[in-house]
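*Asks:* my_file31.cif is reproduced below (mmCIF, C-alpha atoms and all ligand atoms).
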data_start
loop_
_atom_site.group_PDB
_atom_site.id
_atom_site.type_symbol
_atom_site.label_atom_id
_atom_site.label_comp_id
_atom_site.auth_asym_id
_atom_site.auth_seq_id
_atom_site.Cartn_x
_atom_site.Cartn_y
_atom_site.Cartn_z
ATOM 1 C CA MET D 1 0.000 0.000 0.000
ATOM 2 C CA SER D 2 1.432 3.378 -0.929
ATOM 3 C CA LYS D 3 2.058 5.943 1.817
ATOM 4 C CA PRO D 4 0.360 9.330 2.213
ATOM 5 C CA VAL D 5 2.239 11.929 0.216
ATOM 6 C CA GLN D 6 2.398 15.652 0.053
ATOM 7 C CA ASN D 7 3.328 17.785 -2.937
ATOM 8 C CA ASP D 8 2.496 14.968 -5.328
ATOM 9 C CA ALA D 9 1.648 16.090 -8.884
ATOM 10 C CA ALA D 10 -1.640 14.148 -8.991
ATOM 11 C CA MET D 11 -2.631 15.597 -5.610
ATOM 12 C CA LYS D 12 -1.911 19.150 -6.754
ATOM 13 C CA ALA D 13 -3.776 18.621 -10.032
ATOM 14 C CA ALA D 14 -6.808 17.071 -8.314
ATOM 15 C CA LEU D 15 -6.957 19.814 -5.683
ATOM 16 C CA ALA D 16 -6.661 22.504 -8.364
ATOM 17 C CA ILE D 17 -9.594 21.043 -10.326
ATOM 18 C CA ILE D 18 -11.790 20.714 -7.225
ATOM 19 C CA GLU D 19 -10.981 24.241 -6.050
ATOM 20 C CA ASP D 20 -11.604 25.729 -9.522
ATOM 21 C CA GLU D 21 -14.968 23.967 -9.682
ATOM 22 C CA HIS D 22 -15.802 25.400 -6.259
ATOM 23 C CA LYS D 23 -14.902 28.898 -7.468
ATOM 24 C CA ALA D 24 -17.065 28.499 -10.589
ATOM 25 C CA LEU D 25 -20.056 27.346 -8.507
ATOM 26 C CA ALA D 26 -19.487 30.065 -5.902
ATOM 27 C CA GLY D 27 -19.256 32.651 -8.717
ATOM 28 C CA VAL D 28 -22.594 31.599 -10.215
ATOM 29 C CA VAL D 29 -24.321 31.485 -6.831
ATOM 30 C CA TYR D 30 -22.858 34.844 -5.797
ATOM 31 C CA ALA D 31 -24.075 36.432 -9.040
ATOM 32 C CA LEU D 32 -27.480 34.709 -8.785
ATOM 33 C CA GLN D 33 -27.961 36.012 -5.252
ATOM 34 C CA ARG D 34 -26.904 39.523 -6.233
ATOM 35 C CA LEU D 35 -29.301 39.624 -9.187
ATOM 36 C CA ALA D 36 -32.117 38.211 -7.050
ATOM 37 C CA HIS D 37 -31.521 40.938 -4.429
ATOM 38 C CA ASP D 38 -31.618 43.645 -7.121
ATOM 39 C CA VAL D 39 -34.901 42.252 -8.412
ATOM 40 C CA ARG D 40 -36.409 41.992 -4.930
ATOM 41 C CA GLU D 41 -35.447 45.603 -4.167
ATOM 42 C CA ASP D 42 -36.950 46.723 -7.516
ATOM 43 C CA ARG D 43 -33.536 47.882 -8.710
ATOM 44 C CA ALA D 44 -33.681 45.598 -11.765
ATOM 45 C CA LYS D 45 -36.136 43.684 -13.923
ATOM 46 C CA PRO D 46 -35.799 39.900 -13.772
ATOM 47 C CA ASP D 47 -33.687 38.427 -16.576
ATOM 48 C CA PHE D 48 -35.379 35.039 -16.718
ATOM 49 C CA ALA D 49 -33.087 33.740 -19.474
ATOM 50 C CA LEU D 50 -30.052 34.477 -17.291
ATOM 51 C CA PHE D 51 -31.639 32.962 -14.167
ATOM 52 C CA SER D 52 -32.513 29.860 -16.193
ATOM 53 C CA ALA D 53 -28.963 29.563 -17.582
ATOM 54 C CA MET D 54 -27.587 29.783 -14.048
ATOM 55 C CA LEU D 55 -29.911 27.062 -12.791
ATOM 56 C CA TYR D 56 -29.180 24.946 -15.847
ATOM 57 C CA TYR D 57 -25.448 25.179 -15.104
ATOM 58 C CA ILE D 58 -25.896 24.442 -11.373
ATOM 59 C CA ASP D 59 -27.997 21.382 -12.129
ATOM 60 C CA ALA D 60 -25.946 20.115 -15.075
ATOM 61 C CA PHE D 61 -22.478 20.363 -13.588
ATOM 62 C CA PRO D 62 -22.072 20.931 -9.824
ATOM 63 C CA GLU D 63 -25.117 18.813 -8.906
ATOM 64 C CA ARG D 64 -24.749 16.013 -11.462
ATOM 65 C CA GLN D 65 -20.959 15.813 -11.763
ATOM 66 C CA HIS D 66 -19.042 17.597 -9.009
ATOM 67 C CA HIS D 67 -20.945 16.472 -5.879
ATOM 68 C CA PRO D 68 -21.337 12.817 -6.983
ATOM 69 C CA LYS D 69 -17.606 12.626 -7.791
ATOM 70 C CA GLU D 70 -16.753 13.937 -4.345
ATOM 71 C CA ASP D 71 -18.995 11.275 -2.790
ATOM 72 C CA GLU D 72 -17.707 8.430 -4.949
ATOM 73 C CA HIS D 73 -14.010 9.243 -5.079
ATOM 74 C CA LEU D 74 -12.707 11.882 -2.651
ATOM 75 C CA PHE D 75 -14.955 11.125 0.335
ATOM 76 C CA LYS D 76 -14.795 7.365 -0.179
ATOM 77 C CA ALA D 77 -10.982 7.386 -0.295
ATOM 78 C CA LEU D 78 -10.785 9.581 2.792
ATOM 79 C CA ARG D 79 -13.144 7.314 4.762
ATOM 80 C CA ALA D 80 -10.913 4.376 3.845
ATOM 81 C CA ARG D 81 -7.772 6.103 5.175
ATOM 82 C CA THR D 82 -9.039 7.774 8.355
ATOM 83 C CA ALA D 83 -12.057 7.938 10.648
ATOM 84 C CA ARG D 84 -11.210 11.533 11.585
ATOM 85 C CA ALA D 85 -13.317 12.929 8.743
ATOM 86 C CA ASP D 86 -16.363 10.672 9.229
ATOM 87 C CA ALA D 87 -18.533 13.226 11.058
ATOM 88 C CA VAL D 88 -17.922 16.056 8.605
ATOM 89 C CA LEU D 89 -18.275 13.701 5.619
ATOM 90 C CA ASP D 90 -21.660 12.529 6.928
ATOM 91 C CA GLU D 91 -22.685 16.163 7.197
ATOM 92 C CA LEU D 92 -21.410 17.029 3.703
ATOM 93 C CA GLN D 93 -23.067 14.015 2.074
ATOM 94 C CA GLY D 94 -26.340 15.005 3.734
ATOM 95 C CA GLU D 95 -25.841 18.484 2.249
ATOM 96 C CA HIS D 96 -25.301 17.008 -1.228
ATOM 97 C CA VAL D 97 -28.776 15.451 -0.949
ATOM 98 C CA ARG D 98 -30.284 18.649 0.485
ATOM 99 C CA SER D 99 -28.593 20.718 -2.205
ATOM 100 C CA ALA D 100 -30.247 18.691 -4.998
ATOM 101 C CA GLN D 101 -33.622 19.221 -3.292
ATOM 102 C CA LEU D 102 -33.033 22.973 -3.005
ATOM 103 C CA VAL D 103 -32.043 23.212 -6.679
ATOM 104 C CA ALA D 104 -35.226 21.393 -7.715
ATOM 105 C CA TYR D 105 -37.255 23.767 -5.522
ATOM 106 C CA LEU D 106 -35.369 26.752 -6.937
ATOM 107 C CA ALA D 107 -36.256 25.679 -10.492
ATOM 108 C CA GLN D 108 -39.888 25.293 -9.477
ATOM 109 C CA THR D 109 -40.042 28.741 -7.864
ATOM 110 C CA LEU D 110 -38.429 30.269 -10.975
ATOM 111 C CA VAL D 111 -41.114 28.761 -13.215
ATOM 112 C CA TYR D 112 -43.841 29.986 -10.846
ATOM 113 C CA TYR D 113 -42.286 33.459 -10.704
ATOM 114 C CA GLN D 114 -41.996 33.680 -14.488
ATOM 115 C CA GLY D 115 -45.540 32.354 -14.825
ATOM 116 C CA GLY D 116 -46.893 35.160 -12.632
ATOM 117 C CA ALA D 117 -47.689 33.212 -9.465
ATOM 118 C CA PRO D 118 -48.710 35.334 -6.447
ATOM 119 C CA ARG D 119 -45.635 36.097 -4.330
ATOM 120 C CA GLY D 120 -43.569 34.241 -6.957
ATOM 121 C CA ARG D 121 -40.733 36.728 -6.730
ATOM 122 C CA GLU D 122 -40.490 36.420 -2.927
ATOM 123 C CA ALA D 123 -40.517 32.616 -3.051
ATOM 124 C CA PHE D 124 -37.803 32.568 -5.715
ATOM 125 C CA CYS D 125 -35.593 35.067 -3.852
ATOM 126 C CA ALA D 126 -35.991 33.138 -0.573
ATOM 127 C CA ALA D 127 -35.048 29.911 -2.383
ATOM 128 C CA VAL D 128 -31.949 31.614 -3.824
ATOM 129 C CA ASP D 129 -30.891 32.753 -0.340
ATOM 130 C CA ALA D 130 -31.428 29.279 1.146
ATOM 131 C CA TYR D 131 -29.389 27.624 -1.598
ATOM 132 C CA ALA D 132 -26.623 30.242 -1.425
ATOM 133 C CA ALA D 133 -26.285 29.843 2.351
ATOM 134 C CA LEU D 134 -25.926 26.084 1.960
ATOM 135 C CA VAL D 135 -23.412 26.299 -0.904
ATOM 136 C CA PHE D 136 -21.082 28.841 0.724
ATOM 137 C CA ASP D 137 -20.998 26.991 4.053
ATOM 138 C CA HIS D 138 -20.595 23.643 2.274
ATOM 139 C CA ILE D 139 -17.627 24.751 0.156
ATOM 140 C CA ARG D 140 -15.969 26.331 3.192
ATOM 141 C CA LYS D 141 -16.195 23.046 5.141
ATOM 142 C CA GLU D 142 -14.897 21.032 2.201
ATOM 143 C CA GLU D 143 -11.923 23.309 1.702
ATOM 144 C CA ASP D 144 -11.087 24.052 5.353
ATOM 145 C CA VAL D 145 -11.553 20.539 6.697
ATOM 146 C CA VAL D 146 -11.839 17.832 4.053
ATOM 147 C CA LEU D 147 -9.256 18.915 1.498
ATOM 148 C CA LYS D 148 -6.737 19.578 4.264
ATOM 149 C CA LEU D 149 -7.278 16.133 5.812
ATOM 150 C CA ALA D 150 -7.169 14.532 2.377
ATOM 151 C CA ALA D 151 -3.823 16.213 1.697
ATOM 152 C CA GLU D 152 -2.517 14.630 4.907
ATOM 153 C CA CYS D 153 -3.997 11.145 4.594
ATOM 154 C CA LEU D 154 -4.463 10.082 0.949
ATOM 155 C CA THR D 155 -1.900 8.125 -1.046
ATOM 156 C CA VAL D 156 -0.495 8.748 -4.536
ATOM 157 C CA ASP D 157 -2.796 6.059 -5.919
ATOM 158 C CA ASP D 158 -5.796 7.693 -4.239
ATOM 159 C CA TRP D 159 -4.931 11.057 -5.788
ATOM 160 C CA ARG D 160 -4.375 9.519 -9.240
ATOM 161 C CA ALA D 161 -7.835 7.930 -9.124
ATOM 162 C CA ILE D 162 -9.415 11.181 -7.925
ATOM 163 C CA GLU D 163 -7.643 13.232 -10.581
ATOM 164 C CA THR D 164 -8.762 10.807 -13.316
ATOM 165 C CA ALA D 165 -12.365 10.945 -12.108
ATOM 166 C CA PHE D 166 -12.429 14.733 -11.961
ATOM 167 C CA ARG D 167 -10.740 15.073 -15.372
ATOM 168 C CA ALA D 168 -13.411 12.897 -16.982
ATOM 169 C CA HIS D 169 -15.817 15.853 -17.195
ATOM 170 C CA GLN D 170 -14.829 19.439 -17.805
ATOM 171 C CA ASP D 171 -16.696 22.188 -15.968
ATOM 172 C CA PRO D 172 -18.621 23.788 -18.884
ATOM 173 C CA LEU D 173 -18.414 27.218 -17.288
ATOM 174 C CA LEU D 174 -14.625 27.137 -17.141
ATOM 175 C CA ARG D 175 -14.289 25.979 -20.782
ATOM 176 C CA PRO D 176 -17.533 26.919 -22.524
ATOM 177 C CA GLU D 177 -18.026 25.795 -26.113
ATOM 178 C CA PRO D 178 -18.082 28.628 -28.679
ATOM 179 C CA GLY D 179 -21.606 29.903 -29.139
ATOM 180 C CA HIS D 180 -22.940 28.062 -26.098
ATOM 181 C CA GLU D 181 -25.224 29.772 -23.597
ATOM 182 C CA PHE D 182 -22.579 29.185 -20.900
ATOM 183 C CA ARG D 183 -20.210 31.576 -22.709
ATOM 184 C CA ARG D 184 -22.691 34.434 -22.249
ATOM 185 C CA LEU D 185 -23.359 33.258 -18.700
ATOM 186 C CA ARG D 186 -19.662 33.331 -17.910
ATOM 187 C CA ARG D 187 -19.296 36.908 -19.192
ATOM 188 C CA ARG D 188 -22.275 38.056 -17.126
ATOM 189 C CA ILE D 189 -20.952 36.364 -13.990
ATOM 190 C CA ALA D 190 -17.447 37.714 -14.511
ATOM 191 C CA ASN D 191 -18.901 41.227 -14.504
ATOM 192 C CA LEU D 192 -20.814 40.641 -11.278
ATOM 193 C CA ALA D 193 -18.465 38.451 -9.254
ATOM 194 C CA PRO D 194 -15.757 39.581 -6.822
ATOM 195 C CA ARG D 195 -12.247 40.080 -8.157
ATOM 196 C CA LYS D 196 -10.837 36.706 -7.064
ATOM 197 C CA LEU D 197 -13.571 34.943 -9.031
ATOM 198 C CA GLN D 198 -13.186 37.242 -12.005
ATOM 199 C CA SER D 199 -9.605 36.114 -12.625
ATOM 200 C CA LEU D 200 -10.781 32.508 -12.864
ATOM 201 C CA LEU D 201 -13.713 33.304 -15.120
ATOM 202 C CA HIS D 202 -11.698 35.551 -17.440
ATOM 203 C CA ARG D 203 -9.032 32.882 -17.901
ATOM 204 C CA ASP D 204 -8.768 31.376 -21.438
ATOM 205 C CA GLN D 205 -11.664 33.387 -22.818
HETATM 206 FE FE FE B 301 -17.146 20.344 -3.546
#
In structure tokens, what does this structure look like?
Ligand SMILES: [Fe+2]
*Replies:*
Amino acid sequence: MSKPVQNDAAMKAALAIIEDEHKALAGVVYALQRLAHDVREDRAKPDFALFSAMLYYIDAFPERQHHPKEDEHLFKALRARTARADAVLDELQGEHVRSAQLVAYLAQTLVYYQGGAPRGREAFCAAVDAYAALVFDHIRKEEDVVLKLAAECLTVDDWRAIETAFRAHQDPLLRPEPGHEFRRLRRRIANLAPRKLQSLLHRDQ
């Protein structure tokens, strides 16, 4: 069995992918929450196409690719190497389930809002806030606790398997296809997001 390693190339590559995907998700959620606040305060009209593109991205990549890969590869490997992360991993896996439920609810409230439902705007904005609170806290725990423990405990083989799994699908916001809706979404988010997210989203444009 290989020993835990630090400064391994596969570890660095895997961590870089995971952290970039976190920044992309955080950028979309930050921008979504900001736009929802502007709409709620009557400072802007709702851009339903943009809201829909954001939800499409959140559902298509972070929910269907990023979270399941963490469960199946990163979390599984960490559980096999140490029991120290068990409590936080239980919490995070519960949040992956909750997150999918909140995204489904968010999509429903968006449709109701666009369809003119009474108090549709308030329900949508509240759903955005609930999802944003979960995402920001979730990413912070993953980065502050789980990735640090993983860097201490996982082996070279673990990191190679994790890197391979995470390389299998490219975050479509970080490398959007020419002409795809995500290219426009990325430009809009880059203009709204804080500076540290902008540098990521402006990369390779
Ligand atoms: Fe994550």
*Asks:* Expand the PyMOL selection byres (((not hetatm)) within 10 of (chain B and resi 301)) into the explicit residue set it covers here, and present it as a count of residues only.
*Replies:* 27
*Asks:* Could you please determine the separation between CA of Tyr131 in chain D and CA of Val28 in chain D in Å, to one decimal place?
*Replies:* 11.7 Å
*Asks:* Can you tell me, as a PyMOL selection string, what residues are no more than 10 Å from Ile162 in chain D when counting all atoms listed in the file, ignoring any on the same chain fewer than 4 positions away?
*Replies:* chain D and resi 10-11+13-15+18+69-70+72-75+77+156-158+166-167
*Asks:* Write a file of the just-selected residues containing C-alpha atoms, as a PDB file, keeping the file's coordinate frame.
*Replies:*
ATOM      1  CA  ALA D  10      -1.640  14.148  -8.991  1.00  0.00           C
ATOM      2  CA  MET D  11      -2.631  15.597  -5.610  1.00  0.00           C
ATOM      3  CA  ALA D  13      -3.776  18.621 -10.032  1.00  0.00           C
ATOM      4  CA  ALA D  14      -6.808  17.071  -8.314  1.00  0.00           C
ATOM      5  CA  LEU D  15      -6.957  19.814  -5.683  1.00  0.00           C
ATOM      6  CA  ILE D  18     -11.790  20.714  -7.225  1.00  0.00           C
ATOM      7  CA  LYS D  69     -17.606  12.626  -7.791  1.00  0.00           C
ATOM      8  CA  GLU D  70     -16.753  13.937  -4.345  1.00  0.00           C
ATOM      9  CA  GLU D  72     -17.707   8.430  -4.949  1.00  0.00           C
ATOM     10  CA  HIS D  73     -14.010   9.243  -5.079  1.00  0.00           C
ATOM     11  CA  LEU D  74     -12.707  11.882  -2.651  1.00  0.00           C
ATOM     12  CA  PHE D  75     -14.955  11.125   0.335  1.00  0.00           C
ATOM     13  CA  ALA D  77     -10.982   7.386  -0.295  1.00  0.00           C
ATOM     14  CA  VAL D 156      -0.495   8.748  -4.536  1.00  0.00           C
ATOM     15  CA  ASP D 157      -2.796   6.059  -5.919  1.00  0.00           C
ATOM     16  CA  ASP D 158      -5.796   7.693  -4.239  1.00  0.00           C
ATOM     17  CA  PHE D 166     -12.429  14.733 -11.961  1.00  0.00           C
ATOM     18  CA  ARG D 167     -10.740  15.073 -15.372  1.00  0.00           C
TER      19      ARG D 167
END
*Asks:* For the file shown, report as a count of residues only the outcome of the PyMOL selection byres (((chain D and resi 149) around 12) and not hetatm) at residue level.
*Replies:* 30
*Asks:* What does the distance from CA of Thr109 in chain D to CA of Phe124 in chain D come to in Å, to one decimal?
*Replies:*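 Between CA of Thr109 in chain D and CA of Phe124 in chain D the gap works out to 4.9 Å.
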*Asks:* CA of Asp59 in chain D and CA of Ile17 in chain D, how far apart in Å?
*Replies:*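 Going from CA of Ile17 in chain D over to CA of Asp59 in chain D, I get 18.5 Å.
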*Asks:* Give me, as a PDB file with C-alpha atoms, in the frame of the given file, all polymer residues having an atom no more than 7 Å from range 52-55 of chain D, counting all atoms listed in the file and skipping those fewer than 2 positions away in the same chain.
*Replies:*
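Here's the written file around_26.pdb:
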ATOM      1  CA  VAL D  28     -22.594  31.599 -10.215  1.00  0.00           C
ATOM      2  CA  PHE D  48     -35.379  35.039 -16.718  1.00  0.00           C
ATOM      3  CA  ALA D  49     -33.087  33.740 -19.474  1.00  0.00           C
ATOM      4  CA  LEU D  50     -30.052  34.477 -17.291  1.00  0.00           C
ATOM      5  CA  TYR D  57     -25.448  25.179 -15.104  1.00  0.00           C
ATOM      6  CA  ILE D  58     -25.896  24.442 -11.373  1.00  0.00           C
ATOM      7  CA  ASP D  59     -27.997  21.382 -12.129  1.00  0.00           C
ATOM      8  CA  ALA D 107     -36.256  25.679 -10.492  1.00  0.00           C
ATOM      9  CA  LEU D 185     -23.359  33.258 -18.700  1.00  0.00           C
TER      10      LEU D 185
END
*Asks:* For a quick check of understanding, using only C-alpha atoms, which of D:Leu134, D:Ala123, D:Ala60, D:Ala190 has the smallest distance to Arg40 in chain D?
*Replies:*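 Using only C-alpha atoms, the shortest distance to Arg40 in chain D belongs to D:Ala123.
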*Asks:* With 5 Å of padding per side, what axis-aligned box (centre and edge lengths, Å, one decimal) covers all the listed atoms of range 169-187 of chain D? Give it as JSON.
*Replies:*
{"center_x": -19.8, "center_y": 26.4, "center_z": -22.6, "size_x": 20.9, "size_y": 31.1, "size_z": 23.2}
*Asks:* List the residues matched by the PyMOL selection byres (((chain D and resi 106) around 10) and not hetatm) in the displayed structure as a count of residues only, ordered by chain and then by residue number.
*Replies:* 22
*Asks:* Given the choices D:Asp137, D:Arg175, D:Gly27, D:Arg184, which gets closest to Glu91 in chain D if the distance is worked out from all atoms listed in the file?
*Replies:* D:Asp137
*Asks:* Using only C-alpha atoms, which residue out of D:Phe136, D:Pro46, D:His169, D:Gln65 lies closest to Gln114 in chain D?
*Replies:* D:Pro46
*Asks:* Ranking D:Gln33, D:Ala24, D:Arg98, D:Ala16 by minimum distance to Phe61 in chain D and counting all atoms listed in the file, which one comes first?
*Replies:*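 Among D:Gln33, D:Ala24, D:Arg98, D:Ala16, it is D:Ala24 that comes nearest to Phe61 in chain D.
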